[in-house]
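The structure appears below as structure tokens.
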Amino acid sequence: MPRRPAGKTDSPPSQGDIYEQIVDALVDQRILPGTRLNELALCGVFKVSRREMEKVLLRLSFNGLVTLIPNRGAFVASSDANEARAILSARKTVEAGIVEAVALRASGADFKRLEQNIAREDECRHAGRIREAIKHSGEFHILLAEITGNPILCDLMKQLVARTSLVVSLYENPNGLSCWHGDHATLLKHLRAHKARPAMSLMQRHLDHLEESLVFTPQADTSTDLRTIFRRGER
């Protein structure tokens, strides 16, 4: 994900940077479904005009991450069970093609990036830094899309990963399946061997297991402090 260069935290961020920071907060579940994104508060946090923030919120809405309600404001999208299943179904279709392409074209440098990502996720999980682990887990899937060399697929995966994270934060069962967390390492072995079909089958099971671990009864807490989440100069 793009970031502002170090030493330039005093200048207002671009609309693209604000968008990416909000998406990051959605992916690692610092902002939960149903949370109201107070426009004035966000303007104060990022030191930008309401016009600029409106454009960011419109983009988030267009990508299904935010719901804009007239006379009420912007709220983080809260998918019902049918939409949640549709998001995961879309991922199964899209990622089958991505994994096939990666198995056929990936190089040693690509495998190294994936390996490093898996190591960072494992480190965070073992240290109990679950939100960071969730972020790295989502980044693994985005990395796969980047390796295809198709920027459209990459943008689509960023959107689907963010929407999936919102679904998981709403419906995850703390006592549910957890075996799918180790699938990335096994998938990497198939990709290194350029075995497309086993990799595609594993990705299907990986997403199936994720869906099976959900209980479609929302339990999200929508209370949050936007100023705490988007601390300037710490990213």
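Ligands are numbered from 1 in the order shown, residues from 1 within each chain, and chains are lettered A, B, ... in the order they appear in the structure tokens.
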_alpha helix (DSSP H) call set, DSSP backbone run, stretch 91-227 of chain A, as JSON, numbers by chain_ = {"A": [91, 92, 93, 94, 95, 96, 97, 98, 99, 100, 101, 102, 103, 104, 105, 108, 109, 110, 111, 112, 113, 114, 115, 116, 117, 118, 119, 120, 121, 122, 123, 124, 125, 126, 130, 131, 132, 133, 134, 135, 136, 137, 138, 139, 140, 141, 142, 143, 144, 145, 146, 147, 151, 152, 153, 154, 155, 156, 157, 158, 159, 160, 161, 162, 163, 164, 165, 166, 167, 168, 169, 170, 171, 183, 184, 185, 186, 187, 188, 189, 190, 191, 192, 196, 197, 198, 199, 200, 201, 202, 203, 204, 205, 206, 207, 208, 209, 210, 211, 212, 226, 227]}
_Shell around stretch 120-123 of chain A at 9 Å using only C-alpha atoms, local window under 3 positions removed, as a PyMOL selection string_ = chain A and resi 115-117+126-130+132-137+182
*Could you name the residues that touch stretch 195-207 of chain A at 7 Å or less, counting only C-alpha atoms, but leaving out those on the same chain fewer than 4 positions away, as a list in words?*
Lys92, Ala96, Val99, Glu100, Ala103, Trp180, Asp183, Leu187, His190, Leu191 and Glu211 of chain A
Just-selected residues, N, CA, C and O atoms written as a PDB file, in the first residue's frame:
ATOM      1  N   LYS A  92     -13.802 -16.508  -4.766  1.00  0.00           N
ATOM      2  CA  LYS A  92     -13.467 -17.861  -5.232  1.00  0.00           C
ATOM      3  C   LYS A  92     -13.282 -17.883  -6.747  1.00  0.00           C
ATOM      4  O   LYS A  92     -12.370 -18.539  -7.266  1.00  0.00           O
ATOM      5  N   ALA A  96      -9.289 -18.026  -8.299  1.00  0.00           N
ATOM      6  CA  ALA A  96      -8.919 -19.233  -9.041  1.00  0.00           C
ATOM      7  C   ALA A  96      -8.084 -18.839 -10.257  1.00  0.00           C
ATOM      8  O   ALA A  96      -7.040 -19.442 -10.539  1.00  0.00           O
ATOM      9  N   VAL A  99      -4.558 -17.437  -9.080  1.00  0.00           N
ATOM     10  CA  VAL A  99      -3.622 -18.482  -8.665  1.00  0.00           C
ATOM     11  C   VAL A  99      -3.095 -19.249  -9.879  1.00  0.00           C
ATOM     12  O   VAL A  99      -1.900 -19.586  -9.952  1.00  0.00           O
ATOM     13  N   GLU A 100      -3.956 -19.513 -10.832  1.00  0.00           N
ATOM     14  CA  GLU A 100      -3.509 -20.207 -12.048  1.00  0.00           C
ATOM     15  C   GLU A 100      -2.441 -19.374 -12.768  1.00  0.00           C
ATOM     16  O   GLU A 100      -1.409 -19.904 -13.198  1.00  0.00           O
ATOM     17  N   ALA A 103       0.884 -19.416 -10.814  1.00  0.00           N
ATOM     18  CA  ALA A 103       1.575 -20.702 -10.922  1.00  0.00           C
ATOM     19  C   ALA A 103       2.331 -20.821 -12.245  1.00  0.00           C
ATOM     20  O   ALA A 103       3.387 -21.465 -12.312  1.00  0.00           O
ATOM     21  N   TRP A 180      -7.490 -22.725   8.363  1.00  0.00           N
ATOM     22  CA  TRP A 180      -7.240 -22.030   7.104  1.00  0.00           C
ATOM     23  C   TRP A 180      -6.132 -21.005   7.213  1.00  0.00           C
ATOM     24  O   TRP A 180      -5.581 -20.567   6.224  1.00  0.00           O
ATOM     25  N   ASP A 183      -2.900 -22.127   5.411  1.00  0.00           N
ATOM     26  CA  ASP A 183      -2.979 -22.519   4.000  1.00  0.00           C
ATOM     27  C   ASP A 183      -2.005 -21.767   3.108  1.00  0.00           C
ATOM     28  O   ASP A 183      -1.609 -22.268   2.051  1.00  0.00           O
ATOM     29  N   LEU A 187       0.036 -23.277  -0.063  1.00  0.00           N
ATOM     30  CA  LEU A 187      -0.210 -22.735  -1.386  1.00  0.00           C
ATOM     31  C   LEU A 187       1.101 -22.313  -2.052  1.00  0.00           C
ATOM     32  O   LEU A 187       1.322 -22.555  -3.248  1.00  0.00           O
ATOM     33  N   HIS A 190       2.875 -25.177  -3.719  1.00  0.00           N
ATOM     34  CA  HIS A 190       2.302 -25.528  -5.023  1.00  0.00           C
ATOM     35  C   HIS A 190       2.739 -24.536  -6.095  1.00  0.00           C
ATOM     36  O   HIS A 190       3.047 -24.926  -7.225  1.00  0.00           O
ATOM     37  N   LEU A 191       2.772 -23.264  -5.729  1.00  0.00           N
ATOM     38  CA  LEU A 191       3.152 -22.236  -6.697  1.00  0.00           C
ATOM     39  C   LEU A 191       4.619 -22.379  -7.095  1.00  0.00           C
ATOM     40  O   LEU A 191       4.969 -22.226  -8.276  1.00  0.00           O
ATOM     41  N   GLU A 211     -15.360 -19.209   4.897  1.00  0.00           N
ATOM     42  CA  GLU A 211     -16.813 -19.026   4.937  1.00  0.00           C
ATOM     43  C   GLU A 211     -17.455 -19.905   6.007  1.00  0.00           C
ATOM     44  O   GLU A 211     -18.373 -19.478   6.716  1.00  0.00           O
TER      45      GLU A 211
END
_Pick from A:Glu83, A:Glu95, A:Asp155, A:Asp110, whichever lies nearest to A:Phe216 using only C-alpha atoms_ =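 Going through A:Glu83, A:Glu95, A:Asp155, A:Asp110 one by one, the smallest distance to A:Phe216 is for A:Glu83.
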